[in-house]
Protein chains: 2
Amino acid sequence: MKKVKRTTIYDIAAKLGITASSVSRALNNSSQVNEKTRELIIKTADELNYKRNTLASNLRKGHSKTIGVVVPRINQNFFANVIAGIEETTYQKGYNLIICQSGEVHDKEIQCVNTLINQHVDCIVISVSADSYDYQHLQNVLDHGIQLIQFDRVAEELETLKVINDNEQASFEAVSHLIENGYKRIALLEGPQNLNIFRQRKTGYLRALETHKVAVIDELVVENAWTKELGAEATRKLLNLPQPPDAIFASTSDFSALGVLEVANAMKIQVPSELGICGYSNEAFTEITSPSITSIDQFSVYMGKTIGNLFFQEIGNTEVSVKPKIISIKPELIIRGSTAKKG
Amino acid sequence: MKKVKRTTIYDIAAKLGITASSVSRALNNSSQVNEKTRELIIKTADELNYKRNTLASNLRKGHSKTIGVVVPRINQNFFANVIAGIEETTYQKGYNLIICQSGEVHDKEIQCVNTLINQHVDCIVISVSADSYDYQHLQNVLDHGIQLIQFDRVAEELETLKVINDNEQASFEAVSHLIENGYKRIALLEGPQNLNIFRQRKTGYLRALETHKVAVIDELVVENAWTKELGAEATRKLLNLPQPPDAIFASTSDFSALGVLEVANAMKIQVPSELGICGYSNEAFTEITSPSITSIDQFSVYMGKTIGNLFFQEIGNTEVSVKPKIISIKPELIIRGSTAKKG
DNA sequence: ATATTTTACGCAATCGATTGCAATTTTTAT
DNA sequence: ATAAAAATTGCAATCGATTGCGTAAAATAT
């Protein structure tokens, strides 16, 4: 399988009795070649089934026209969408994507980042893993003169380009919506607080309660409930409380919200009349549960496109360091059946 | 951002008063370097924050330790899962993934493949787009001595490594299941017949009918219904027939099946007693609709891992051409509420 | 027809790492 | 102590494409 000798510009040059320089120039649309020879070169390149060796080209040029992406899981809806968005914008400009998944493991994340540095990618796009505790590896990216764009889950202390959702505002709106619809005891399922996105969502929750002069009840705030199972478990506990909540905001994910719904159904507690439910992410299935689940759309594909465009805006920049810039995308509350108390 | 001069093996060599050769050897665990100098080299490499330039290394070595993946859409569950599986197995062995999406467009697919050839990837993994009409570009991959692995949607006439699902068998089992559960008039929502997977599913459907001596009714076979909307539309037509079907096999996707379910609900037709529904792919949501939808699990992540392993099995192979090999994964029928006529 | 500008192409170095071969040093055997 | 074997290290070519500089040839101006 490996013995095939691929044709190079030297082969083309030899066949035509000219130099590789000319071939290179012809193939790169340089104005320094005669139109006739160019045509000839392109024709024979075609005949010999020539394909440029991007490795060699990139080595010489000093860049790779490649963008590295590191996400916790490729096959998680939100990330898959973001990646699709990035791919769409960058592909058009001839950039390729190298994708790695950290599996939510800090050490693998570091490995991934290092591999990408080795690959001489022009930019690294990353959403940090849940158990990240330091960001030396990201600083390292910068130190190697590689553009760094963080998205969604970002290390705030690092001054880089960032594309994020306004989690606090979304959360604020969701909880306000619950309050306005008549829910009084609103529980919060929160995610790991070392991730800023979950901290922000909590802040939004607290701010909404405060704004509407609703007291915070500690026992209604449940830590680390971001899978369906954990959401279900939390719900069982909450609903068995002497004074159970009348609404649950699963700020972690729609999967968690789904767990809530299933437990409510199992316990014959009416949704939305006895219990309001709001999820996060606007997964496709939130539309088809019964009742359908109110959620928050993060515009994930758009987020990906924004990341791509941001990269192209900034690469023209010859400065040694890029000014940190934060683009915040406002998520949208999608109101559905699960919060229609007075509907 | 681009002015940063990265340290090379020459920098390390210079600092230590030795040659780059030794540095290279030390960094590659060659047995040809003294243990002490190796330690010294590694130490200073570390101090200088050296990162190997993979471009240069690969250029010299003649391979890229990179696998190219082309799928119609990254953010489609099935493909995202396969990619995640591939990544998992290949990452361990130090291979990287370059991901492209063809967007179901033949021309873009060709472009993607060419880009990957240019990148000198060691292998291309592809699931062809829905409107593919010829496979010259894939033949081209082989001609360049690049390993080619097709999966799921494959060009049968091309003799390459293939990892597929046994669609026909799965389809046969699904339809048999419907028949055994008492459904008599079973409709088929079929996908574009230029894709072999959809042809196979149809064949399985026909074979099941034949085996159980059920007559084929042409008007119950609906072409090209592979989105939720098209599935819904087809269902409206089917259910308004003088003699409507009592079951619908949405062989295209679970989304299509979802469309069926929604229309049935809207028309107040009882599922599963009046209408049985079976989807394809076992999307997460099939579990949570009411009733839940019977579907077929394709083991997508496992499929990805299989692809990765297949690659590693075959690269040892120094033959110029690899013997075509087909690995067929047997999907599993997941029986749920939507087909429980006699349940 | 001669001088000047343009155009087209070749030469050779370069990007950074790897590796076969040769040269040198160290170790082991006699 | 000397010869032979083994371990280290250096030299220089190589992977394939790009590009600054120089020169020859063609085109234009005088």
# chains A, B, ... in the order shown; residues from 1 in each chain; ligands from 1

$ interface_residues --of "chain D" --to "chain A" --cutoff "12 Å" --atoms "only C-alpha atoms (C1' of nucleotides)" --output "PDB file with C-alpha atoms (C1' of nucleotides), in the first residue's frame"
ATOM      1  C1'  DC D  15      11.491  14.616   2.102  1.00  0.00           C
ATOM      2  C1'  DG D  16       8.650  18.375  -1.583  1.00  0.00           C
ATOM      3  C1'  DA D  17       7.522  22.916  -2.134  1.00  0.00           C
ATOM      4  C1'  DT D  18       8.581  27.851  -1.967  1.00  0.00           C
ATOM      5  C1'  DT D  19      11.019  32.169  -2.892  1.00  0.00           C
ATOM      6  C1'  DA D  26      11.437  39.462 -25.118  1.00  0.00           C
TER       7       DA D  26
END

$ select_by_dssp --residues "range 74-248 of chain B" --states "strand (DSSP E or B)" --output "PyMOL selection string"
chain B and resi 96-101+123-126+147-151+161-165+186-189+221-222+247-248

$ closest_atom_pairs --of "chain C" --to "chain B" --cutoff "12 Å" --atoms "only C-alpha atoms (C1' of nucleotides)" --output "CSV"
residue,atom,partner,partner_atom,distance
C:DC15,C1',B:Ala56,CA,7.8
C:DG16,C1',B:Ala56,CA,5.1
C:DA17,C1',B:Ser57,CA,4.8
C:DT18,C1',B:Arg60,CA,6.2
C:DT19,C1',B:Ser21,CA,8.6
C:DT26,C1',B:Asn34,CA,11.3

$ write_last_selection --atoms "N, CA and C atoms (P, O5', C5', C4', C3', O3' and C1' of nucleotides)" --output "CSV table (one decimal), in the first residue's frame"
chain,number,residue,atom,x,y,z
C,15,DC,P,15.5,28.4,7.5
C,15,DC,O5',14.1,27.7,7.8
C,15,DC,C5',12.8,28.2,7.4
C,15,DC,C4',11.8,27.2,7.3
C,15,DC,C3',12.0,26.1,8.4
C,15,DC,O3',11.2,26.4,9.5
C,15,DC,C1',11.5,25.1,6.2
C,16,DG,P,11.9,26.3,11.0
C,16,DG,O5',12.0,24.8,11.3
C,16,DG,C5',10.9,24.0,11.5
C,16,DG,C4',11.2,22.6,11.6
C,16,DG,C3',12.2,22.2,12.6
C,16,DG,O3',11.6,21.2,13.4
C,16,DG,C1',12.7,21.2,10.5
C,17,DA,P,12.4,20.4,14.5
C,17,DA,O5',12.5,19.0,13.8
C,17,DA,C5',11.3,18.4,13.4
C,17,DA,C4',11.6,17.1,12.6
C,17,DA,C3',12.4,16.1,13.4
C,17,DA,O3',11.7,14.9,13.3
C,17,DA,C1',13.4,16.5,11.2
C,18,DT,P,12.2,13.5,14.0
C,18,DT,O5',12.9,12.8,12.8
C,18,DT,C5',12.2,12.5,11.6
C,18,DT,C4',13.1,11.8,10.6
C,18,DT,C3',13.8,10.6,11.1
C,18,DT,O3',13.6,9.5,10.2
C,18,DT,C1',15.3,12.0,10.0
C,19,DT,P,13.9,8.0,10.6
C,19,DT,O5',15.2,7.7,9.8
C,19,DT,C5',15.3,7.9,8.4
C,19,DT,C4',16.7,7.7,7.9
C,19,DT,C3',17.5,6.6,8.7
C,19,DT,O3',18.2,5.8,7.7
C,19,DT,C1',18.7,8.5,8.7
C,26,DT,P,36.3,8.7,25.1
C,26,DT,O5',35.6,7.3,25.5
C,26,DT,C5',34.2,7.1,25.4
C,26,DT,C4',33.8,5.6,25.5
C,26,DT,C3',34.5,4.9,26.6
C,26,DT,O3',33.4,4.3,27.4
C,26,DT,C1',34.7,3.7,24.6

$ closest_residue --among "B:Val301, B:Leu138, B:Ile296, B:Leu189" --to "chain A" --atoms "only C-alpha atoms"
B:Val301

$ residues_around --residues "Ile307 in chain B" --least-positions-apart "5" --cutoff "9 Å" --atoms "only C-alpha atoms (C1' of nucleotides)" --output "list in words"
Val82, Gly85, Ile86, Thr89, Val125, Ile149, Gln150, Phe151, Lys162, Val163, Tyr302 and Phe312 of chain B

$ residues_around --residues "DT23 in chain D" --least-positions-apart "6" --cutoff "12 Å" --atoms "only C-alpha atoms (C1' of nucleotides)" --output "PyMOL selection string"
chain C and resi 8-11

$ closest_residue --among "B:Ser171, B:Asn34, B:Thr19, B:Asn96" --to "chain A" --atoms "only C-alpha atoms"
B:Asn96

$ closest_residue --among "B:Gln119, B:Thr160, B:Gln111, B:Thr203" --to "chain A" --atoms "only C-alpha atoms"
B:Gln119

$ atom_distance --atom1 "C1' of DG10 in chain D" --atom2 "CA of Arg38 in chain B"
15.9 Å

$ residues_around --residues "Ile288 in chain B" --least-positions-apart "4" --cutoff "10 Å" --atoms "only C-alpha atoms (C1' of nucleotides)" --output "JSON, numbers by chain"
{"A": [258, 262, 285, 286, 288, 289, 290], "B": [284, 292, 293]}

$ write_last_selection --atoms "all heavy atoms" --output "mmCIF file, in the first residue's frame"
data_model
loop_
_atom_site.group_PDB
_atom_site.id
_atom_site.type_symbol
_atom_site.label_atom_id
_atom_site.label_comp_id
_atom_site.auth_asym_id
_atom_site.auth_seq_id
_atom_site.Cartn_x
_atom_site.Cartn_y
_atom_site.Cartn_z
ATOM 1 N N LEU A 258 -35.076 15.868 31.489
ATOM 2 C CA LEU A 258 -35.820 14.680 31.093
ATOM 3 C C LEU A 258 -35.943 13.723 32.285
ATOM 4 O O LEU A 258 -37.008 13.134 32.533
ATOM 5 C CB LEU A 258 -35.094 13.985 29.938
ATOM 6 C CG LEU A 258 -35.762 12.747 29.368
ATOM 7 C CD1 LEU A 258 -37.148 13.091 28.842
ATOM 8 C CD2 LEU A 258 -34.901 12.149 28.259
ATOM 9 N N GLU A 262 -39.426 12.367 33.899
ATOM 10 C CA GLU A 262 -39.753 10.947 34.045
ATOM 11 C C GLU A 262 -40.121 10.599 35.490
ATOM 12 O O GLU A 262 -41.056 9.840 35.733
ATOM 13 C CB GLU A 262 -38.597 10.078 33.540
ATOM 14 C CG GLU A 262 -38.518 10.123 32.014
ATOM 15 C CD GLU A 262 -37.460 9.189 31.433
ATOM 16 O OE1 GLU A 262 -36.765 8.506 32.214
ATOM 17 O OE2 GLU A 262 -37.332 9.149 30.199
ATOM 18 N N PHE A 285 -35.178 16.577 21.421
ATOM 19 C CA PHE A 285 -36.250 15.809 22.053
ATOM 20 C C PHE A 285 -37.153 16.635 22.968
ATOM 21 O O PHE A 285 -38.234 16.198 23.312
ATOM 22 C CB PHE A 285 -35.674 14.618 22.826
ATOM 23 C CG PHE A 285 -34.856 14.975 24.023
ATOM 24 C CD1 PHE A 285 -35.463 15.378 25.202
ATOM 25 C CD2 PHE A 285 -33.479 14.902 23.988
ATOM 26 C CE1 PHE A 285 -34.709 15.704 26.321
ATOM 27 C CE2 PHE A 285 -32.711 15.226 25.092
ATOM 28 C CZ PHE A 285 -33.332 15.626 26.262
ATOM 29 N N THR A 286 -36.707 17.819 23.350
ATOM 30 C CA THR A 286 -37.532 18.599 24.282
ATOM 31 C C THR A 286 -38.877 18.944 23.659
ATOM 32 O O THR A 286 -39.846 19.190 24.352
ATOM 33 C CB THR A 286 -36.834 19.919 24.681
ATOM 34 O OG1 THR A 286 -36.412 20.594 23.494
ATOM 35 C CG2 THR A 286 -35.643 19.644 25.566
ATOM 36 N N ILE A 288 -40.669 16.915 21.849
ATOM 37 C CA ILE A 288 -41.570 15.784 21.636
ATOM 38 C C ILE A 288 -41.929 15.013 22.891
ATOM 39 O O ILE A 288 -42.626 14.022 22.835
ATOM 40 C CB ILE A 288 -40.938 14.802 20.636
ATOM 41 C CG1 ILE A 288 -39.585 14.334 21.171
ATOM 42 C CG2 ILE A 288 -40.782 15.450 19.281
ATOM 43 C CD1 ILE A 288 -39.004 13.225 20.354
ATOM 44 N N THR A 289 -41.428 15.471 24.027
ATOM 45 C CA THR A 289 -41.865 14.824 25.254
ATOM 46 C C THR A 289 -43.283 15.299 25.525
ATOM 47 O O THR A 289 -43.761 16.246 24.904
ATOM 48 C CB THR A 289 -40.973 15.244 26.423
ATOM 49 O OG1 THR A 289 -40.863 16.669 26.414
ATOM 50 C CG2 THR A 289 -39.588 14.638 26.285
ATOM 51 N N SER A 290 -43.981 14.632 26.441
ATOM 52 C CA SER A 290 -45.289 15.182 26.778
ATOM 53 C C SER A 290 -45.369 15.395 28.282
ATOM 54 O O SER A 290 -45.231 14.438 29.038
ATOM 55 C CB SER A 290 -46.419 14.277 26.283
ATOM 56 O OG SER A 290 -46.122 12.935 26.534
ATOM 57 N N ALA B 284 -31.800 8.683 20.560
ATOM 58 C CA ALA B 284 -32.125 8.763 21.989
ATOM 59 C C ALA B 284 -33.610 9.035 22.225
ATOM 60 O O ALA B 284 -34.220 8.494 23.137
ATOM 61 C CB ALA B 284 -31.284 9.841 22.651
ATOM 62 N N SER B 292 -43.210 4.863 23.234
ATOM 63 C CA SER B 292 -41.823 4.839 22.758
ATOM 64 C C SER B 292 -41.784 4.103 21.420
ATOM 65 O O SER B 292 -42.662 3.294 21.126
ATOM 66 C CB SER B 292 -40.950 4.135 23.782
ATOM 67 O OG SER B 292 -41.465 2.857 24.079
ATOM 68 N N ILE B 293 -40.776 4.414 20.630
ATOM 69 C CA ILE B 293 -40.743 3.896 19.263
ATOM 70 C C ILE B 293 -39.771 2.724 19.106
ATOM 71 O O ILE B 293 -38.594 2.830 19.480
ATOM 72 C CB ILE B 293 -40.336 5.015 18.279
ATOM 73 C CG1 ILE B 293 -41.323 6.195 18.373
ATOM 74 C CG2 ILE B 293 -40.260 4.488 16.852
ATOM 75 C CD1 ILE B 293 -40.931 7.389 17.527
#

$ residues_around --residues "DA4 in chain D" --least-positions-apart "5" --cutoff "12 Å" --atoms "only C-alpha atoms (C1' of nucleotides)" --output "tab-separated table (two decimals) with all heavy atoms, in the first residue's frame"
chain	number	residue	atom	x	y	z
C	27	DT	P	33.78	3.56	28.77
C	27	DT	OP1	32.68	3.87	29.73
C	27	DT	OP2	35.19	3.81	29.12
C	27	DT	O5'	33.63	2.05	28.31
C	27	DT	C5'	32.43	1.62	27.64
C	27	DT	C4'	32.63	0.22	27.09
C	27	DT	O4'	33.60	0.23	26.02
C	27	DT	C3'	33.12	-0.79	28.12
C	27	DT	O3'	32.22	-1.89	28.14
C	27	DT	C2'	34.51	-1.20	27.62
C	27	DT	C1'	34.39	-0.94	26.12
C	27	DT	N1	35.67	-0.66	25.40
C	27	DT	C2	36.00	-1.46	24.33
C	27	DT	O2	35.31	-2.38	23.95
C	27	DT	N3	37.19	-1.12	23.72
C	27	DT	C4	38.04	-0.10	24.07
C	27	DT	O4	39.08	0.09	23.43
C	27	DT	C5	37.64	0.69	25.21
C	27	DT	C7	38.51	1.82	25.67
C	27	DT	C6	36.48	0.38	25.83
C	28	DT	P	32.32	-2.98	29.27
C	28	DT	OP1	30.94	-3.36	29.63
C	28	DT	OP2	33.29	-2.54	30.30
C	28	DT	O5'	32.98	-4.19	28.46
C	28	DT	C5'	32.35	-4.66	27.26
C	28	DT	C4'	33.30	-5.60	26.55
C	28	DT	O4'	34.42	-4.86	26.01
C	28	DT	C3'	33.89	-6.69	27.45
C	28	DT	O3'	33.50	-7.96	26.94
C	28	DT	C2'	35.40	-6.48	27.38
C	28	DT	C1'	35.56	-5.68	26.07
C	28	DT	N1	36.74	-4.80	25.99
C	28	DT	C2	37.61	-4.95	24.92
C	28	DT	O2	37.44	-5.78	24.04
C	28	DT	N3	38.67	-4.09	24.93
C	28	DT	C4	38.97	-3.11	25.86
C	28	DT	O4	39.95	-2.41	25.74
C	28	DT	C5	38.02	-3.00	26.95
C	28	DT	C7	38.25	-1.99	28.02
C	28	DT	C6	36.95	-3.84	26.97
C	29	DA	P	34.04	-9.27	27.58
C	29	DA	OP1	32.95	-10.28	27.49
C	29	DA	OP2	34.66	-8.98	28.88
C	29	DA	O5'	35.17	-9.69	26.54
C	29	DA	C5'	34.89	-9.66	25.14
C	29	DA	C4'	36.12	-10.11	24.37
C	29	DA	O4'	37.12	-9.06	24.38
C	29	DA	C3'	36.81	-11.35	24.96
C	29	DA	O3'	37.23	-12.20	23.90
C	29	DA	C2'	37.98	-10.79	25.73
C	29	DA	C1'	38.34	-9.55	24.91
C	29	DA	N9	38.96	-8.45	25.68
C	29	DA	C8	38.53	-7.93	26.86
C	29	DA	N7	39.28	-6.94	27.30
C	29	DA	C5	40.27	-6.83	26.33
C	29	DA	C6	41.37	-5.96	26.21
C	29	DA	N6	41.67	-5.01	27.09
C	29	DA	N1	42.16	-6.12	25.12
C	29	DA	C2	41.87	-7.06	24.23
C	29	DA	N3	40.84	-7.93	24.23
C	29	DA	C4	40.09	-7.75	25.33
C	30	DT	P	37.94	-13.55	24.24
C	30	DT	OP1	37.49	-14.52	23.22
C	30	DT	OP2	37.74	-13.85	25.68
C	30	DT	O5'	39.47	-13.25	24.02
C	30	DT	C5'	39.90	-12.74	22.74
C	30	DT	C4'	41.40	-12.50	22.77
C	30	DT	O4'	41.70	-11.34	23.57
C	30	DT	C3'	42.21	-13.66	23.36
C	30	DT	O3'	43.34	-13.95	22.53
C	30	DT	C2'	42.68	-13.14	24.70
C	30	DT	C1'	42.78	-11.64	24.42
C	30	DT	N1	42.67	-10.75	25.60
C	30	DT	C2	43.52	-9.67	25.70
C	30	DT	O2	44.35	-9.40	24.86
C	30	DT	N3	43.34	-8.90	26.83
C	30	DT	C4	42.43	-9.10	27.84
C	30	DT	O4	42.37	-8.33	28.81
C	30	DT	C5	41.58	-10.24	27.69
C	30	DT	C7	40.58	-10.57	28.75
C	30	DT	C6	41.74	-11.02	26.58
